[in-house]
Amino acid sequence: MNSILTDPFVRTEREADIAARSDRLAVTFAERAAEHDRDGSFPFENFDDLREAGYLKLTVPARYGGEEASLYEMLLAQERLAKGDGSTALAVGWHVSQVLQLRMKQSWPPKLYEEFCRRAVDEGAMINQFASEPSTGSPSRGGRPQTTAVRTEGGYLLTGRKTFSSLLPVLDQFTVTAYVEDEEKIGTFYVRRGPGVGMEETWNTLGMRATGSHDLLLEDVFVPEEERLDRWEGSDGSALGTGMSDHGGALLHIPACYLGIAWAARDFAVKFAAEYRPSSLPGPIADLPHIRHKIGEMESERITARTLLYSVADRWGRLPDTRPSMKPELG
């Protein structure tokens, strides 16, 4: 039976359309996932498919031609995409979630924001923010970046190295954090691929091998003064933050991805149990009470997790005034 028709978290025709597109893409991505996982290669063809399907404009405002998906709709799309390829879903999740966050906070210079949104719709342009570094680790722990921004005529020169730079092989622009030496503070900068921008292929892990999370290298990369982002205030009066806590509900794309992986694992386990017939048994192992019990426990955990995820996303969308008090649930 069609999983969309039986999914209690798909509530509207629009949500069904969003879910169906992800299901179609997931089927294609699943055929390629093992190869990219084995080789640690980046799935460029998956991103061509995402661009062709219009997925990259999922959270772009409607006024620029985007779909203006809510947080809830974004999670539906991401969870189902991850059933086919978790690496692709996690990587593109950084793009769609940051575009969602930018739409809510309006924390970029208006001209730059409109330019990027239109390129996301017309060309499939993507974005990610790079803040982690070899010596400081995750920015959530408050370490000062070793990447520096030195003032020069008309802007800044950025030099440093960023780690965990997911999507890097396919990005033409991104934002980075850097320490502004003459101000003794951390700034956030919009960087375009060009002179001084490089990549070192360091990503060789046991899991999520196809996210392309290589090291970003910056050497005297020029960023104009007007593309320093932390100088701009958002619609809520706050400047663009440098910590992960500033992303709020947008970071729920991560558990959505991992629940999609769990969904695929559940399907595989149930299919295996129904088909595996050892010679010592009269039927498949799915007939054994302890196997049925394990499948029941698995399903109970998955339903509980999905209920929490989508109930939080629903409340985030319906009751924006409660968002400051939702940190425990978001965590």
# chains A, B, ... in the order shown; residues from 1 in each chain; ligands from 1

$ residues_around --residues "Ile254 of chain A" --least-positions-apart "3" --cutoff "8 Å" --atoms "only C-alpha atoms" --output "list of chain:residue names"
A:Leu90, A:Gly93, A:Leu251, A:Cys257, A:Tyr258

$ residues_around --residues "segment 194-200 of chain A" --least-positions-apart "5" --cutoff "6 Å" --atoms "only C-alpha atoms" --output "PyMOL selection string"
chain A and resi 215-219+221

$ write_last_selection --atoms "C-alpha atoms" --output "PDB file, in the first residue's frame"
ATOM      1  CA  ASP A 215      38.067  20.558   4.388  1.00  0.00           C
ATOM      2  CA  LEU A 216      37.542  24.053   3.002  1.00  0.00           C
ATOM      3  CA  LEU A 217      40.780  25.978   2.463  1.00  0.00           C
ATOM      4  CA  LEU A 218      40.833  29.783   2.378  1.00  0.00           C
ATOM      5  CA  GLU A 219      43.917  31.816   1.500  1.00  0.00           C
ATOM      6  CA  VAL A 221      40.022  35.290  -0.046  1.00  0.00           C
TER       7      VAL A 221
END

$ select_by_dssp --residues "segment 38-278 of chain A" --states "strand (DSSP E)" --output "number ranges by chain"
A: 129-130, 148-152, 155-165, 173-180, 185-192, 197-200, 214-224

$ residues_around --residues "Leu71 of chain A" --least-positions-apart "4" --cutoff "12 Å" --atoms "only C-alpha atoms" --output "PyMOL selection string"
chain A and resi 15+58-60+75-78+93+96-101+103-104+247-253+256+309-318+320

$ closest_residue --among "A:Lys83, A:Leu206, A:Arg231, A:Thr307" --to "Arg266 of chain A" --atoms "only C-alpha atoms"
A:Lys83

$ residues_around --residues "Ala82 of chain A" --least-positions-apart "3" --cutoff "9 Å" --atoms "only C-alpha atoms" --output "PyMOL selection string"
chain A and resi 22+26+77-79+85-90+256-264

$ closest_atom_pairs --of "segment 10-53 of chain A" --to "segment 112-127 of chain A" --cutoff "9 Å" --atoms "only C-alpha atoms" --output "CSV"
residue,atom,partner,partner_atom,distance
A:Asp48,CA,A:Gly124,CA,8.8
A:Leu50,CA,A:Gly124,CA,8.5
A:Arg51,CA,A:Gly124,CA,5.4
A:Glu52,CA,A:Gly124,CA,8.3

$ closest_residue --among "A:Trp108, A:Trp203, A:Phe47, A:Phe42" --to "Asp230 of chain A" --atoms "only C-alpha atoms"
A:Trp108

$ atom_distance --atom1 "atom CA of Thr188 of chain A" --atom2 "atom CA of Ser165 of chain A"
15.4 Å

$ closest_residue --among "A:Gly54, A:Pro324, A:Gly143, A:Pro282" --to "Arg21 of chain A" --atoms "only C-alpha atoms"
A:Gly54

$ closest_residue --among "A:His36, A:Lys185, A:Lys111, A:Arg14" --to "Glu67 of chain A" --atoms "only C-alpha atoms"
A:Arg14

$ closest_residue --among "A:Arg38, A:Arg80, A:Arg228, A:Lys327" --to "Val10 of chain A" --atoms "only C-alpha atoms"
A:Arg80

$ closest_residue --among "A:Met208, A:Ile18, A:Val223, A:Leu168" --to "Glu153 of chain A" --atoms "only C-alpha atoms"
A:Val223

$ residues_around --residues "Thr202 of chain A" --least-positions-apart "4" --cutoff "12 Å" --atoms "only C-alpha atoms" --output "list in words"
Gly40, Ser41, Pro134, Arg161, Lys162, Thr163, Phe164, Ser165, Ser166, Leu168, Arg209, Thr211, Gly212, Ser213, His214, Asp215, Leu216 and Leu217 of chain A

$ write_last_selection --atoms "N, CA and C atoms" --output "JSON list (two decimals), in the first residue's frame"
[["chain", "number", "residue", "atom", "x", "y", "z"],
["A", 40, "GLY", "N", 33.14, 6.33, -1.26],
["A", 40, "GLY", "CA", 33.29, 7.63, -0.60],
["A", 40, "GLY", "C", 33.20, 8.77, -1.59],
["A", 41, "SER", "N", 32.53, 8.53, -2.72],
["A", 41, "SER", "CA", 32.43, 9.54, -3.78],
["A", 41, "SER", "C", 31.21, 10.43, -3.56],
["A", 134, "PRO", "N", 39.68, 22.34, 12.74],
["A", 134, "PRO", "CA", 40.46, 21.26, 13.36],
["A", 134, "PRO", "C", 40.81, 21.52, 14.82],
["A", 161, "ARG", "N", 41.09, 27.29, 7.64],
["A", 161, "ARG", "CA", 40.63, 25.97, 7.22],
["A", 161, "ARG", "C", 39.37, 25.63, 8.00],
["A", 162, "LYS", "N", 38.35, 25.11, 7.30],
["A", 162, "LYS", "CA", 37.11, 24.66, 7.93],
["A", 162, "LYS", "C", 36.93, 23.16, 7.68],
["A", 163, "THR", "N", 36.45, 22.46, 8.70],
["A", 163, "THR", "CA", 36.21, 21.03, 8.59],
["A", 163, "THR", "C", 34.70, 20.76, 8.52],
["A", 164, "PHE", "N", 34.34, 19.50, 8.28],
["A", 164, "PHE", "CA", 32.94, 19.08, 8.21],
["A", 164, "PHE", "C", 32.15, 19.98, 7.24],
["A", 165, "SER", "N", 32.74, 20.26, 6.09],
["A", 165, "SER", "CA", 32.14, 21.21, 5.14],
["A", 165, "SER", "C", 31.23, 20.48, 4.16],
["A", 166, "SER", "N", 30.10, 19.98, 4.68],
["A", 166, "SER", "CA", 29.17, 19.20, 3.85],
["A", 166, "SER", "C", 28.68, 20.01, 2.65],
["A", 168, "LEU", "N", 30.39, 20.73, 0.09],
["A", 168, "LEU", "CA", 31.44, 21.57, -0.49],
["A", 168, "LEU", "C", 31.72, 21.27, -1.96],
["A", 209, "ARG", "N", 29.39, 8.67, 4.17],
["A", 209, "ARG", "CA", 30.61, 8.85, 3.37],
["A", 209, "ARG", "C", 30.41, 9.73, 2.14],
["A", 211, "THR", "N", 28.61, 12.63, 1.89],
["A", 211, "THR", "CA", 28.16, 14.01, 2.14],
["A", 211, "THR", "C", 29.14, 15.05, 1.60],
["A", 212, "GLY", "N", 30.33, 14.60, 1.19],
["A", 212, "GLY", "CA", 31.31, 15.55, 0.66],
["A", 212, "GLY", "C", 31.80, 16.54, 1.70],
["A", 213, "SER", "N", 31.93, 16.08, 2.96],
["A", 213, "SER", "CA", 32.28, 17.00, 4.06],
["A", 213, "SER", "C", 33.79, 17.18, 4.20],
["A", 214, "HIS", "N", 34.41, 17.58, 3.10],
["A", 214, "HIS", "CA", 35.86, 17.76, 3.06],
["A", 214, "HIS", "C", 36.27, 19.08, 3.74],
["A", 215, "ASP", "N", 37.57, 19.32, 3.79],
["A", 215, "ASP", "CA", 38.07, 20.56, 4.39],
["A", 215, "ASP", "C", 38.03, 21.69, 3.36],
["A", 216, "LEU", "N", 37.53, 22.83, 3.80],
["A", 216, "LEU", "CA", 37.54, 24.05, 3.00],
["A", 216, "LEU", "C", 38.82, 24.83, 3.32],
["A", 217, "LEU", "N", 39.55, 25.21, 2.29],
["A", 217, "LEU", "CA", 40.78, 25.98, 2.46],
["A", 217, "LEU", "C", 40.57, 27.40, 1.94]]

$ select_by_dssp --residues "segment 90-228 of chain A" --states "alpha helix (DSSP H)" --output "ChimeraX atom specification"
/A:90-105,110-122

$ atom_distance --atom1 "atom CA of Ala53 of chain A" --atom2 "atom CA of Arg192 of chain A"
25.0 Å

$ residues_around --residues "segment 270-277 of chain A" --least-positions-apart "6" --cutoff "8 Å" --atoms "only C-alpha atoms" --output "list in words"
Gly283, Pro284, Ile285, Ala286, Ile291 and Ile295 of chain A

$ write_last_selection --atoms "N, CA and C atoms" --output "mmCIF file, in the first residue's frame"
data_model
loop_
_atom_site.group_PDB
_atom_site.id
_atom_site.type_symbol
_atom_site.label_atom_id
_atom_site.label_comp_id
_atom_site.auth_asym_id
_atom_site.auth_seq_id
_atom_site.Cartn_x
_atom_site.Cartn_y
_atom_site.Cartn_z
ATOM 1 N N GLY A 283 8.535 -22.336 8.774
ATOM 2 C CA GLY A 283 8.176 -21.112 8.063
ATOM 3 C C GLY A 283 9.239 -20.048 8.260
ATOM 4 N N PRO A 284 8.967 -18.802 7.885
ATOM 5 C CA PRO A 284 9.946 -17.725 8.040
ATOM 6 C C PRO A 284 10.158 -17.368 9.512
ATOM 7 N N ILE A 285 11.294 -16.700 9.782
ATOM 8 C CA ILE A 285 11.585 -16.334 11.176
ATOM 9 C C ILE A 285 10.599 -15.300 11.705
ATOM 10 N N ALA A 286 9.842 -14.646 10.815
ATOM 11 C CA ALA A 286 8.819 -13.693 11.258
ATOM 12 C C ALA A 286 7.729 -14.372 12.076
ATOM 13 N N ILE A 291 11.004 -12.803 17.510
ATOM 14 C CA ILE A 291 11.246 -11.925 16.360
ATOM 15 C C ILE A 291 10.093 -10.934 16.219
ATOM 16 N N ILE A 295 10.311 -6.793 16.387
ATOM 17 C CA ILE A 295 9.738 -5.911 15.362
ATOM 18 C C ILE A 295 8.748 -4.942 15.995
#
